[in-house]
$ cat protein10.tsv   # TSV, C-alpha atoms
chain	number	residue	atom	x	y	z
E	1	MET	CA	-7.38	-12.92	-21.24
E	2	SER	CA	-4.70	-11.08	-23.16
E	3	ILE	CA	-4.44	-7.32	-23.27
E	4	ASP	CA	-3.60	-5.22	-26.31
E	5	ALA	CA	-1.74	-1.94	-26.79
E	6	THR	CA	-4.85	0.13	-26.09
E	7	ASP	CA	-5.47	-1.71	-22.82
E	8	ARG	CA	-1.86	-1.06	-21.84
E	9	ALA	CA	-2.19	2.63	-22.64
E	10	ILE	CA	-5.32	2.75	-20.47
E	11	LEU	CA	-3.57	1.05	-17.53
E	12	ASN	CA	-0.57	3.37	-17.80
E	13	ARG	CA	-2.75	6.49	-18.07
E	14	LEU	CA	-5.12	5.57	-15.25
E	15	GLN	CA	-2.34	4.79	-12.79
E	16	GLU	CA	-1.54	8.51	-12.97
E	17	GLY	CA	-4.98	9.52	-11.77
E	18	PHE	CA	-8.59	10.03	-12.74
E	19	PRO	CA	-10.39	13.39	-12.95
E	20	ILE	CA	-13.14	14.54	-10.63
E	21	SER	CA	-15.55	15.95	-13.22
E	22	PRO	CA	-19.05	15.16	-14.52
E	23	ALA	CA	-17.89	12.96	-17.44
E	24	PRO	CA	-14.41	11.75	-16.48
E	25	PHE	CA	-14.33	8.72	-18.80
E	26	ALA	CA	-15.08	10.94	-21.80
E	27	ALA	CA	-12.19	13.21	-20.79
E	28	VAL	CA	-9.69	10.34	-20.44
E	29	ALA	CA	-10.96	8.64	-23.61
E	30	GLY	CA	-10.39	11.91	-25.49
E	31	GLU	CA	-6.79	12.04	-24.27
E	32	LEU	CA	-6.22	8.47	-25.38
E	33	GLY	CA	-7.97	8.96	-28.71
E	34	ILE	CA	-10.60	6.29	-28.13
E	35	ALA	CA	-14.36	6.36	-27.62
E	36	GLU	CA	-15.84	6.72	-24.13
E	37	ASP	CA	-17.85	3.50	-24.42
E	38	ASP	CA	-14.76	1.60	-25.61
E	39	LEU	CA	-12.81	2.82	-22.57
E	40	ILE	CA	-15.58	1.75	-20.19
E	41	ALA	CA	-15.98	-1.65	-21.90
E	42	ARG	CA	-12.22	-2.31	-21.72
E	43	LEU	CA	-12.13	-1.38	-18.03
E	44	GLU	CA	-15.06	-3.70	-17.35
E	45	ARG	CA	-13.31	-6.52	-19.15
E	46	MET	CA	-10.01	-5.99	-17.32
E	47	ARG	CA	-11.78	-5.74	-13.98
E	48	GLU	CA	-13.70	-8.94	-14.74
E	49	ALA	CA	-10.43	-10.72	-15.67
E	50	ARG	CA	-8.77	-9.36	-12.50
E	51	ILE	CA	-6.11	-7.51	-14.46
E	52	ILE	CA	-7.41	-4.48	-12.57
E	53	THR	CA	-7.45	-5.03	-8.82
E	54	ARG	CA	-9.28	-1.83	-8.01
E	55	PHE	CA	-10.42	1.33	-9.71
E	56	GLY	CA	-11.44	4.32	-7.61
E	57	PRO	CA	-10.24	6.44	-4.71
E	58	PHE	CA	-7.36	5.13	-2.59
E	59	PHE	CA	-7.76	6.28	0.98
E	60	ASP	CA	-5.01	6.90	3.50
E	61	ALA	CA	-6.00	4.64	6.37
E	62	GLU	CA	-4.23	6.80	8.95
E	63	ALA	CA	-5.85	9.98	7.69
E	64	MET	CA	-9.22	8.31	8.19
E	65	GLY	CA	-8.35	7.75	11.84
E	66	GLY	CA	-6.67	4.68	13.19
E	67	ALA	CA	-3.15	3.54	13.89
E	68	PHE	CA	-0.91	1.12	12.05
E	69	CYS	CA	2.42	-0.42	12.88
E	70	LEU	CA	4.78	-2.87	11.22
E	71	CYS	CA	6.07	-5.41	13.75
E	72	ALA	CA	8.59	-8.22	13.58
E	73	MET	CA	9.54	-11.25	15.63
E	74	ALA	CA	12.39	-13.76	15.55
E	75	VAL	CA	10.47	-17.01	15.95
E	76	PRO	CA	12.39	-20.26	16.49
E	77	PRO	CA	11.50	-22.71	13.68
E	78	GLU	CA	10.08	-25.32	16.06
E	79	LYS	CA	7.65	-22.76	17.50
E	80	PHE	CA	6.75	-21.12	14.21
E	81	ASP	CA	3.34	-22.70	13.58
E	82	ALA	CA	2.18	-22.25	17.17
E	83	VAL	CA	3.25	-18.58	17.24
E	84	MET	CA	1.68	-17.98	13.82
E	85	THR	CA	-1.64	-19.31	15.14
E	86	GLN	CA	-1.44	-17.05	18.21
E	87	VAL	CA	-0.53	-13.96	16.18
E	88	ASN	CA	-3.07	-14.55	13.40
E	89	ALA	CA	-5.85	-15.07	15.93
E	90	ARG	CA	-5.62	-11.40	16.93
E	91	PRO	CA	-8.15	-9.38	14.91
E	92	GLU	CA	-5.73	-6.41	15.01
E	93	VAL	CA	-3.25	-8.33	12.81
E	94	ALA	CA	-4.06	-7.18	9.27
E	95	HIS	CA	-1.39	-9.10	7.39
E	96	ASN	CA	1.39	-11.38	8.36
E	97	TYR	CA	4.29	-12.62	6.22
E	98	GLU	CA	7.02	-15.14	6.74
E	99	ARG	CA	10.30	-13.59	5.54
E	100	SER	CA	13.79	-14.87	4.84
E	101	HIS	CA	15.65	-13.37	7.80
E	102	HIS	CA	16.49	-13.98	11.46
E	103	LEU	CA	13.45	-11.76	12.07
E	104	ASN	CA	11.19	-14.18	10.24
E	105	MET	CA	7.65	-13.06	11.08
E	106	TRP	CA	6.48	-9.61	9.92
E	107	PHE	CA	2.97	-8.37	10.54
E	108	VAL	CA	0.97	-5.15	10.49
E	109	LEU	CA	-1.17	-4.16	13.46
E	110	ALA	CA	-4.21	-1.99	12.75
E	111	THR	CA	-6.02	-0.44	15.71
E	112	GLU	CA	-8.14	2.58	16.52
E	113	SER	CA	-5.39	4.34	18.49
E	114	LYS	CA	-1.63	4.36	19.06
E	115	ASP	CA	-2.02	3.19	22.68
E	116	GLU	CA	-3.75	0.07	21.44
E	117	ILE	CA	-0.77	-0.74	19.21
E	118	THR	CA	1.51	-0.88	22.23
E	119	ALA	CA	-1.05	-2.87	24.24
E	120	VAL	CA	-1.52	-5.48	21.48
E	121	ALA	CA	2.24	-5.79	20.88
E	122	ASP	CA	2.76	-6.29	24.65
E	123	ASP	CA	0.00	-8.92	24.72
E	124	ILE	CA	1.57	-10.86	21.84
E	125	GLU	CA	4.95	-10.66	23.56
E	126	ARG	CA	3.50	-12.01	26.81
E	127	ALA	CA	1.49	-14.74	25.12
E	128	THR	CA	4.38	-16.01	22.99
E	129	GLY	CA	7.38	-15.19	25.17
E	130	ILE	CA	9.06	-13.67	22.10
E	131	ARG	CA	10.06	-10.04	21.78
E	132	VAL	CA	7.94	-7.97	19.39
E	133	LEU	CA	9.91	-5.24	17.62
E	134	CYS	CA	7.76	-2.31	16.51
E	135	PHE	CA	8.65	-0.27	13.44
E	136	PRO	CA	6.14	2.59	13.22
E	137	LYS	CA	6.26	4.77	10.13
E	138	LEU	CA	8.25	7.92	10.92
E	139	ARG	CA	8.09	9.42	7.46
E	140	GLU	CA	6.62	8.35	4.15
E	141	PHE	CA	8.48	9.16	0.96
E	142	PHE	CA	6.77	10.06	-2.29
E	143	ILE	CA	5.19	7.04	-3.89
E	144	GLY	CA	6.35	6.86	-7.51
E	145	PHE	CA	5.44	3.24	-8.04
E	146	ARG	CA	3.91	2.40	-11.42
E	147	VAL	CA	3.58	-0.93	-13.10
E	148	ALA	CA	4.57	-0.49	-16.73
E	149	ALA	CA	1.76	-2.22	-18.61
N	1	MET	CA	-7.68	17.57	8.35
N	2	SER	CA	-10.86	15.97	9.56
N	3	ILE	CA	-13.63	13.96	8.04
N	4	ASP	CA	-17.28	14.01	9.02
N	5	THR	CA	-20.15	11.54	8.84
N	6	ILE	CA	-20.96	12.37	5.22
N	7	ASP	CA	-17.29	11.89	4.23
N	8	ARG	CA	-17.39	8.51	5.92
N	9	THR	CA	-20.49	7.54	3.94
N	10	ILE	CA	-18.65	8.54	0.76
N	11	ILE	CA	-15.61	6.49	1.77
N	12	ALA	CA	-17.77	3.46	2.53
N	13	ALA	CA	-19.57	3.82	-0.82
N	14	THR	CA	-16.42	4.17	-2.94
N	15	GLN	CA	-13.73	2.10	-1.24
N	16	GLY	CA	-14.83	-0.91	-3.29
N	17	GLY	CA	-14.37	1.14	-6.47
N	18	LEU	CA	-16.18	3.61	-8.72
N	19	PRO	CA	-19.02	2.45	-10.98
N	20	LEU	CA	-18.02	2.06	-14.63
N	21	VAL	CA	-20.69	4.33	-16.08
N	22	PRO	CA	-20.29	7.58	-18.07
N	23	GLU	CA	-21.15	9.74	-15.01
N	24	PRO	CA	-19.76	7.79	-12.06
N	25	TYR	CA	-19.89	10.65	-9.54
N	26	ALA	CA	-23.53	11.42	-10.37
N	27	ALA	CA	-24.29	7.71	-9.83
N	28	VAL	CA	-22.55	7.60	-6.43
N	29	ALA	CA	-24.20	10.89	-5.40
N	30	ALA	CA	-27.66	9.57	-6.33
N	31	ASP	CA	-27.09	6.41	-4.27
N	32	LEU	CA	-26.15	8.51	-1.25
N	33	GLY	CA	-28.88	11.12	-1.70
N	34	LEU	CA	-26.24	13.81	-2.25
N	35	ASP	CA	-25.89	16.48	-4.85
N	36	GLU	CA	-23.17	15.61	-7.42
N	37	GLY	CA	-21.52	19.00	-6.86
N	38	GLU	CA	-21.28	18.42	-3.12
N	39	LEU	CA	-19.87	14.93	-3.61
N	40	CYS	CA	-17.18	16.26	-5.97
N	41	CYS	CA	-16.29	19.12	-3.59
N	42	ARG	CA	-15.85	16.64	-0.77
N	43	LEU	CA	-13.73	14.31	-2.92
N	44	GLU	CA	-11.55	17.24	-3.98
N	45	ARG	CA	-11.13	18.36	-0.37
N	46	MET	CA	-10.24	14.86	0.80
N	47	GLN	CA	-7.73	14.57	-2.04
N	48	ARG	CA	-6.18	17.93	-1.13
N	49	ASP	CA	-5.98	16.92	2.55
N	50	GLY	CA	-4.38	13.56	1.77
N	51	VAL	CA	-7.31	11.45	2.96
N	52	ILE	CA	-7.57	10.33	-0.66
N	53	ARG	CA	-4.09	9.56	-1.97
N	54	ARG	CA	-5.26	9.39	-5.53
N	55	ILE	CA	-8.18	8.26	-7.67
N	56	ALA	CA	-6.68	5.72	-10.02
N	57	VAL	CA	-6.50	2.20	-11.29
N	58	ALA	CA	-4.51	-0.44	-9.42
N	59	PRO	CA	-3.37	-3.10	-11.88
N	60	ASN	CA	-2.74	-6.60	-10.67
N	61	HIS	CA	1.09	-6.81	-10.54
N	62	TYR	CA	1.01	-10.54	-11.03
N	63	ALA	CA	-1.18	-10.38	-14.15
N	64	LEU	CA	1.35	-7.95	-15.66
N	65	GLY	CA	4.30	-10.18	-14.86
N	66	MET	CA	5.59	-8.36	-11.76
N	67	THR	CA	5.71	-11.51	-9.72
N	68	ALA	CA	8.81	-10.95	-7.58
N	69	ASN	CA	9.21	-8.51	-4.72
N	70	GLY	CA	11.47	-7.99	-1.76
N	71	MET	CA	11.54	-5.67	1.24
N	72	SER	CA	14.88	-3.87	0.94
N	73	VAL	CA	16.15	-2.22	4.11
N	74	TRP	CA	18.98	0.27	4.51
N	75	ASP	CA	21.01	1.91	7.26
N	76	VAL	CA	21.11	5.50	6.04
N	77	ALA	CA	22.92	8.29	7.88
N	78	ASP	CA	20.35	10.27	9.89
N	79	ASP	CA	21.42	13.57	8.36
N	80	ARG	CA	20.94	12.27	4.81
N	81	ILE	CA	17.64	10.39	4.98
N	82	ALA	CA	15.45	13.47	4.42
N	83	ASP	CA	17.30	14.05	1.17
N	84	LEU	CA	17.73	10.45	-0.02
N	85	GLY	CA	14.39	8.98	1.09
N	86	PRO	CA	12.32	10.88	-1.50
N	87	GLN	CA	14.78	9.89	-4.26
N	88	VAL	CA	14.32	6.22	-3.43
N	89	GLY	CA	10.54	6.62	-3.11
N	90	ALA	CA	10.38	8.24	-6.55
N	91	LEU	CA	11.86	5.18	-8.32
N	92	ASP	CA	9.15	3.56	-10.40
N	93	PHE	CA	9.99	0.06	-9.15
N	94	VAL	CA	9.72	1.03	-5.49
N	95	SER	CA	6.29	0.89	-3.85
N	96	HIS	CA	6.04	1.54	-0.11
N	97	CYS	CA	9.04	3.61	1.03
N	98	TYR	CA	9.29	4.65	4.67
N	99	GLU	CA	11.64	5.84	7.35
N	100	ARG	CA	11.20	3.66	10.44
N	101	PRO	CA	13.10	3.57	13.74
N	102	ARG	CA	16.11	1.30	14.13
N	103	ALA	CA	15.94	-1.40	16.82
N	104	LEU	CA	19.56	-1.63	17.88
N	105	PRO	CA	21.43	-3.87	18.21
N	106	ASP	CA	19.22	-6.34	16.30
N	107	TRP	CA	18.12	-4.05	13.53
N	108	PRO	CA	20.28	-1.18	12.23
N	109	TYR	CA	18.04	-0.28	9.26
N	110	ASN	CA	15.98	2.91	9.10
N	111	LEU	CA	14.86	3.03	5.44
N	112	PHE	CA	12.43	0.45	4.07
N	113	ALA	CA	11.71	0.24	0.33
N	114	MET	CA	9.63	-2.48	-1.30
N	115	ILE	CA	11.16	-3.43	-4.66
N	116	HIS	CA	9.15	-5.09	-7.45
N	117	GLY	CA	10.33	-6.92	-10.55
N	118	GLU	CA	9.62	-9.72	-12.97
N	119	SER	CA	12.10	-12.06	-11.31
N	120	ARG	CA	14.31	-12.38	-8.26
N	121	ASP	CA	17.29	-11.43	-10.47
N	122	GLU	CA	15.58	-8.27	-11.62
N	123	VAL	CA	14.77	-7.36	-8.01
N	124	GLU	CA	18.46	-7.83	-7.13
N	125	GLN	CA	19.52	-5.59	-10.04
N	126	LYS	CA	17.14	-2.90	-8.86
N	127	ARG	CA	18.40	-3.29	-5.33
N	128	ALA	CA	21.90	-2.56	-6.67
N	129	GLN	CA	20.51	0.62	-8.26
N	130	VAL	CA	19.15	1.72	-4.88
N	131	ALA	CA	22.52	0.99	-3.26
N	132	ALA	CA	24.26	3.10	-5.92
N	133	LEU	CA	21.82	5.94	-5.37
N	134	LEU	CA	22.38	5.88	-1.60
N	135	GLY	CA	26.15	5.73	-2.01
N	136	PRO	CA	28.39	6.29	1.01
N	137	ALA	CA	25.50	7.68	3.09
N	138	CYS	CA	24.40	4.07	3.45
N	139	ARG	CA	26.31	1.90	5.93
N	140	GLY	CA	24.63	-1.36	5.06
N	141	GLY	CA	21.55	-3.03	3.73
N	142	ASP	CA	19.66	-6.25	3.39
N	143	ILE	CA	16.66	-7.62	1.53
N	144	LEU	CA	13.91	-9.80	2.95
N	145	TYR	CA	11.87	-11.94	0.61
N	146	SER	CA	8.47	-13.15	1.69
N	147	THR	CA	8.43	-16.91	1.74
N	148	ARG	CA	4.79	-17.33	2.79
N	149	ILE	CA	1.70	-15.20	3.30
N	150	LEU	CA	0.52	-16.13	6.78
N	151	LYS	CA	-2.49	-13.81	6.92
N	152	LYS	CA	-3.97	-11.21	4.63
N	153	THR	CA	-7.08	-9.19	5.33
N	154	GLY	CA	-8.11	-5.96	3.68
N	155	LEU	CA	-8.01	-2.76	5.69
N	156	ARG	CA	-11.51	-1.42	5.46
N	157	LEU	CA	-13.12	1.43	7.33
N	158	ARG	CA	-15.79	0.22	9.68
N	159	GLN	CA	-19.02	2.00	8.98
N	160	LYS	CA	-20.19	2.24	12.59
N	161	GLU	CA	-17.55	4.86	13.39
N	162	GLY	CA	-19.06	8.18	12.67

$ encode --input "protein10.tsv" --output "C-alpha cells"
Amino acid sequence: MSIDATDRAILNRLQEGFPISPAPFAAVAGELGIAEDDLIARLERMREARIITRFGPFFDAEAMGGAFCLCAMAVPPEKFDAVMTQVNARPEVAHNYERSHHLNMWFVLATESKDEITAVADDIERATGIRVLCFPKLREFFIGFRVAA
Amino acid sequence: MSIDTIDRTIIAATQGGLPLVPEPYAAVAADLGLDEGELCCRLERMQRDGVIRRIAVAPNHYALGMTANGMSVWDVADDRIADLGPQVGALDFVSHCYERPRALPDWPYNLFAMIHGESRDEVEQKRAQVAALLGPACRGGDILYSTRILKKTGLRLRQKEG
C-alpha cells in the first residue's frame, strides 16, 4: 500500500506520544485537522499493511522486573554454525545477530535476575569453550529516535 | 517504582497494542473489569515512573525506507560521557544509545549508538556526524553491521509472575 501526506502526518505526530484521556483519537484528530473516524480508519489500514509495527504503550522491560545483558563472542568461522545452535538453544537468548567484526556474534540475554545473567553467560562459555564478553547497560541516554515519515 | 498484580494485568492486556476504537481506555478497562479512571491513573503512574516509556506508534522502519542500520561504538573519555552521551542519544537517527563497560584489551568502546538510514552510505555519513559531535573526547570508534539475524524473539512479560 502507499501512504499519503495525511498518513505521514499521523505517523510523525503519533511517534511523539498519545494522550491518556477518554477520547484520545478525537484529540489527536483535532490537532491534525482530520475527523476522528478518518484517523482510526487510517491507523487500521496502516496496521493491516504492517506500516505500523505497534501502537500502544511501550514498556521498559527492566522496570517490569528482569535483567538484560548484551553479550558478544569471537567465534571462529569453522565453529560458527555449531556455536550458533548452542547459543540459540538457550531460552534466555532473546536475539542474536551475526556482525561484521572480530567479535562476530552478539546476543541479548533476558533473565529474571542479574545473577542468572552471569550463570547463563558462564554456561555458554563452558559449553562452547569461547569467552563470552558481557556489556551490561550502565546508563541509557535520551531516546530521540524518530523515523521521518 | 513497583508494579502490582493489577498493573501486570494491564501490561499483559496492552503490550500487543491499544484497540483502535474511539474510547480505547474504556474498552481495555471493561475487558479487565476495571474502572476507566483507575486504568488511566495506573497508566499515568507507570508512565511517570518509567515503566511505560511512552504510548505511541512504532512505524516499520523498513516500510518507510530506513533499511540500513549499524551499531556504532565509541571510546569516549570517562569524564565526558555524561555530557556527550545525551547529545548523541538525542540525534533523530540514533535509536538505542547506551554507556556500557569496556572489555580491555579486546574492546575499548564504552558508548554504543545504533544508527539508522536509507542506505549504508547514509549510515556512514551519519556516523561521521556523531564523530564530529564527539570531537577530541573520542579516542576511536568502529561500526558493526549485522550480516545475519540468527535469532529474534519478542520480549514479553510472562503472565504467571504476579

$ closest_atom_pairs --input "protein10.tsv" --of "chain E" --to "chain N" --cutoff "8 Å" --atoms "all atoms listed in the file" --output "Markdown table"
| residue | atom | partner | partner_atom | distance |
| --- | --- | --- | --- | --- |
| E:Leu11 | CA | N:Val57 | CA | 7.0 |
| E:Leu14 | CA | N:Val57 | CA | 5.4 |
| E:Gln15 | CA | N:Val57 | CA | 5.1 |
| E:Glu16 | CA | N:Ala56 | CA | 6.6 |
| E:Gly17 | CA | N:Ala56 | CA | 4.5 |
| E:Phe18 | CA | N:Ile55 | CA | 5.4 |
| E:Pro19 | CA | N:Ile55 | CA | 7.7 |
| E:Ile20 | CA | N:Cys40 | CA | 6.4 |
| E:Ser21 | CA | N:Cys40 | CA | 7.4 |
| E:Pro22 | CA | N:Glu23 | CA | 5.8 |
| E:Ala23 | CA | N:Glu23 | CA | 5.2 |
| E:Pro24 | CA | N:Glu23 | CA | 7.2 |
| E:Phe25 | CA | N:Pro22 | CA | 6.1 |
| E:Ala26 | CA | N:Pro22 | CA | 7.2 |
| E:Glu36 | CA | N:Pro22 | CA | 7.6 |
| E:Asp37 | CA | N:Pro22 | CA | 7.9 |
| E:Ile40 | CA | N:Leu20 | CA | 6.1 |
| E:Leu43 | CA | N:Leu20 | CA | 7.6 |
| E:Glu44 | CA | N:Leu20 | CA | 7.0 |
| E:Arg50 | CA | N:Asn60 | CA | 6.9 |
| E:Ile51 | CA | N:Asn60 | CA | 5.2 |
| E:Ile52 | CA | N:Pro59 | CA | 4.3 |
| E:Thr53 | CA | N:Asn60 | CA | 5.3 |
| E:Arg54 | CA | N:Ala58 | CA | 5.2 |
| E:Phe55 | CA | N:Val57 | CA | 4.3 |
| E:Gly56 | CA | N:Gly17 | CA | 4.5 |
| E:Pro57 | CA | N:Ile55 | CA | 4.0 |
| E:Phe58 | CA | N:Arg53 | CA | 5.5 |
| E:Phe59 | CA | N:Ile52 | CA | 4.4 |
| E:Asp60 | CA | N:Val51 | CA | 5.1 |
| E:Ala61 | CA | N:Leu155 | CA | 7.7 |
| E:Ala63 | CA | N:Val51 | CA | 5.2 |
| E:Met64 | CA | N:Val51 | CA | 6.4 |
| E:Met84 | CA | N:Leu150 | CA | 7.4 |
| E:Asn88 | CA | N:Lys151 | CA | 6.5 |
| E:Ala94 | CA | N:Thr153 | CA | 5.4 |
| E:His95 | CA | N:Lys152 | CA | 4.3 |
| E:Asn96 | CA | N:Lys151 | CA | 4.8 |
| E:Tyr97 | CA | N:Ile149 | CA | 4.7 |
| E:Glu98 | CA | N:Arg148 | CA | 5.0 |
| E:Arg99 | CA | N:Ser146 | CA | 4.3 |
| E:Ser100 | CA | N:Leu144 | CA | 5.4 |
| E:His101 | CA | N:Leu144 | CA | 6.3 |
| E:Leu133 | CA | N:Ala103 | CA | 7.2 |
| E:Phe135 | CA | N:Arg100 | CA | 5.6 |
| E:Pro136 | CA | N:Arg100 | CA | 5.9 |
| E:Lys137 | CA | N:Arg100 | CA | 5.1 |
| E:Leu138 | CA | N:Arg100 | CA | 5.2 |
| E:Arg139 | CA | N:Glu99 | CA | 5.0 |
| E:Glu140 | CA | N:Tyr98 | CA | 4.6 |
| E:Phe141 | CA | N:Pro86 | CA | 4.9 |
| E:Phe142 | CA | N:Gly89 | CA | 5.2 |
| E:Ile143 | CA | N:Gly89 | CA | 5.4 |
| E:Gly144 | CA | N:Ala90 | CA | 4.4 |
| E:Phe145 | CA | N:Asp92 | CA | 4.4 |
| E:Arg146 | CA | N:Asp92 | CA | 5.5 |
| E:Val147 | CA | N:His61 | CA | 6.9 |
| E:Ala149 | CA | N:Leu64 | CA | 6.5 |

$ residues_near_point --input "protein10.tsv" --point "(24.5, 1.5, 6.3)" --cutoff "12 Å" --atoms "only C-alpha atoms" --output "list of chain:residue names"
N:Val73, N:Trp74, N:Asp75, N:Val76, N:Ala77, N:Asp78, N:Arg80, N:Ile81, N:Arg102, N:Trp107, N:Pro108, N:Tyr109, N:Asn110, N:Leu111, N:Ala131, N:Leu134, N:Gly135, N:Pro136, N:Ala137, N:Cys138, N:Arg139, N:Gly140, N:Gly141, N:Asp142

$ atom_distance --input "protein10.tsv" --atom1 "atom CA of Glu118 of chain N" --atom2 "atom CA of Ile10 of chain E"
20.9 Å

$ atom_distance --input "protein10.tsv" --atom1 "atom CA of Ala68 of chain N" --atom2 "atom CA of Glu122 of chain N"
8.3 Å

$ atom_distance --input "protein10.tsv" --atom1 "atom CA of Leu39 of chain E" --atom2 "atom CA of Ala27 of chain N"
17.8 Å

$ closest_residue --input "protein10.tsv" --among "E:Arg13, E:His102, E:Lys114, E:Arg126" --to "Gln86 of chain E" --atoms "all atoms listed in the file"
E:Arg126

$ closest_residue --input "protein10.tsv" --among "N:Gly33, N:Ser72, N:Leu104, N:Asp83" --to "Val130 of chain N" --atoms "all atoms listed in the file"
N:Ser72

$ closest_residue --input "protein10.tsv" --among "N:Ile10, N:Leu32, N:Thr67, N:Arg42" --to "Asp121 of chain N" --atoms "all atoms listed in the file"
N:Thr67

$ decode --input "protein10.tsv" --residues "segment 3-10 of chain N" --atoms "all heavy atoms" --output "PDB file, in the first residue's frame"
ATOM      1  N   ILE N   3       5.378  -2.367  40.624  1.00  0.00           N
ATOM      2  CA  ILE N   3       4.121  -2.636  39.943  1.00  0.00           C
ATOM      3  C   ILE N   3       3.437  -3.798  40.648  1.00  0.00           C
ATOM      4  O   ILE N   3       4.107  -4.698  41.162  1.00  0.00           O
ATOM      5  CB  ILE N   3       4.333  -2.942  38.442  1.00  0.00           C
ATOM      6  CG1 ILE N   3       5.362  -4.045  38.232  1.00  0.00           C
ATOM      7  CG2 ILE N   3       4.748  -1.692  37.678  1.00  0.00           C
ATOM      8  CD1 ILE N   3       5.477  -4.474  36.774  1.00  0.00           C
ATOM      9  N   ASP N   4       2.121  -3.756  40.702  1.00  0.00           N
ATOM     10  CA  ASP N   4       1.396  -4.808  41.405  1.00  0.00           C
ATOM     11  C   ASP N   4       0.679  -5.710  40.394  1.00  0.00           C
ATOM     12  O   ASP N   4       0.845  -5.593  39.182  1.00  0.00           O
ATOM     13  CB  ASP N   4       0.449  -4.201  42.445  1.00  0.00           C
ATOM     14  CG  ASP N   4      -0.656  -3.366  41.806  1.00  0.00           C
ATOM     15  OD1 ASP N   4      -0.868  -3.492  40.578  1.00  0.00           O
ATOM     16  OD2 ASP N   4      -1.300  -2.593  42.527  1.00  0.00           O
ATOM     17  N   THR N   5      -0.138  -6.610  40.949  1.00  0.00           N
ATOM     18  CA  THR N   5      -0.809  -7.597  40.097  1.00  0.00           C
ATOM     19  C   THR N   5      -1.717  -6.933  39.062  1.00  0.00           C
ATOM     20  O   THR N   5      -1.777  -7.372  37.916  1.00  0.00           O
ATOM     21  CB  THR N   5      -1.658  -8.531  40.983  1.00  0.00           C
ATOM     22  OG1 THR N   5      -0.838  -8.930  42.084  1.00  0.00           O
ATOM     23  CG2 THR N   5      -2.085  -9.759  40.216  1.00  0.00           C
ATOM     24  N   ILE N   6      -2.422  -5.882  39.498  1.00  0.00           N
ATOM     25  CA  ILE N   6      -3.333  -5.216  38.548  1.00  0.00           C
ATOM     26  C   ILE N   6      -2.526  -4.556  37.428  1.00  0.00           C
ATOM     27  O   ILE N   6      -2.886  -4.648  36.258  1.00  0.00           O
ATOM     28  CB  ILE N   6      -4.237  -4.191  39.281  1.00  0.00           C
ATOM     29  CG1 ILE N   6      -5.120  -4.919  40.298  1.00  0.00           C
ATOM     30  CG2 ILE N   6      -5.093  -3.415  38.281  1.00  0.00           C
ATOM     31  CD1 ILE N   6      -5.989  -4.007  41.156  1.00  0.00           C
ATOM     32  N   ASP N   7      -1.388  -3.914  37.791  1.00  0.00           N
ATOM     33  CA  ASP N   7      -0.524  -3.322  36.760  1.00  0.00           C
ATOM     34  C   ASP N   7      -0.092  -4.397  35.749  1.00  0.00           C
ATOM     35  O   ASP N   7      -0.073  -4.159  34.547  1.00  0.00           O
ATOM     36  CB  ASP N   7       0.737  -2.705  37.387  1.00  0.00           C
ATOM     37  CG  ASP N   7       0.418  -1.481  38.237  1.00  0.00           C
ATOM     38  OD1 ASP N   7      -0.567  -0.806  37.949  1.00  0.00           O
ATOM     39  OD2 ASP N   7       1.180  -1.226  39.194  1.00  0.00           O
ATOM     40  N   ARG N   8       0.247  -5.545  36.283  1.00  0.00           N
ATOM     41  CA  ARG N   8       0.698  -6.627  35.392  1.00  0.00           C
ATOM     42  C   ARG N   8      -0.410  -7.076  34.446  1.00  0.00           C
ATOM     43  O   ARG N   8      -0.163  -7.399  33.291  1.00  0.00           O
ATOM     44  CB  ARG N   8       1.209  -7.815  36.216  1.00  0.00           C
ATOM     45  CG  ARG N   8       2.551  -7.527  36.816  1.00  0.00           C
ATOM     46  CD  ARG N   8       3.145  -8.723  37.540  1.00  0.00           C
ATOM     47  NE  ARG N   8       4.493  -8.369  37.952  1.00  0.00           N
ATOM     48  CZ  ARG N   8       5.570  -8.561  37.193  1.00  0.00           C
ATOM     49  NH1 ARG N   8       5.460  -9.133  36.019  1.00  0.00           N
ATOM     50  NH2 ARG N   8       6.750  -8.180  37.625  1.00  0.00           N
ATOM     51  N   THR N   9      -1.640  -7.085  34.944  1.00  0.00           N
ATOM     52  CA  THR N   9      -2.779  -7.436  34.081  1.00  0.00           C
ATOM     53  C   THR N   9      -2.923  -6.392  32.975  1.00  0.00           C
ATOM     54  O   THR N   9      -3.217  -6.726  31.828  1.00  0.00           O
ATOM     55  CB  THR N   9      -4.083  -7.434  34.921  1.00  0.00           C
ATOM     56  OG1 THR N   9      -3.801  -7.919  36.210  1.00  0.00           O
ATOM     57  CG2 THR N   9      -5.141  -8.272  34.280  1.00  0.00           C
ATOM     58  N   ILE N  10      -2.715  -5.130  33.352  1.00  0.00           N
ATOM     59  CA  ILE N  10      -2.816  -4.039  32.364  1.00  0.00           C
ATOM     60  C   ILE N  10      -1.712  -4.177  31.317  1.00  0.00           C
ATOM     61  O   ILE N  10      -1.946  -4.025  30.116  1.00  0.00           O
ATOM     62  CB  ILE N  10      -2.745  -2.662  33.073  1.00  0.00           C
ATOM     63  CG1 ILE N  10      -3.965  -2.465  33.976  1.00  0.00           C
ATOM     64  CG2 ILE N  10      -2.626  -1.527  32.049  1.00  0.00           C
ATOM     65  CD1 ILE N  10      -3.884  -1.259  34.902  1.00  0.00           C
TER      66      ILE N  10
END
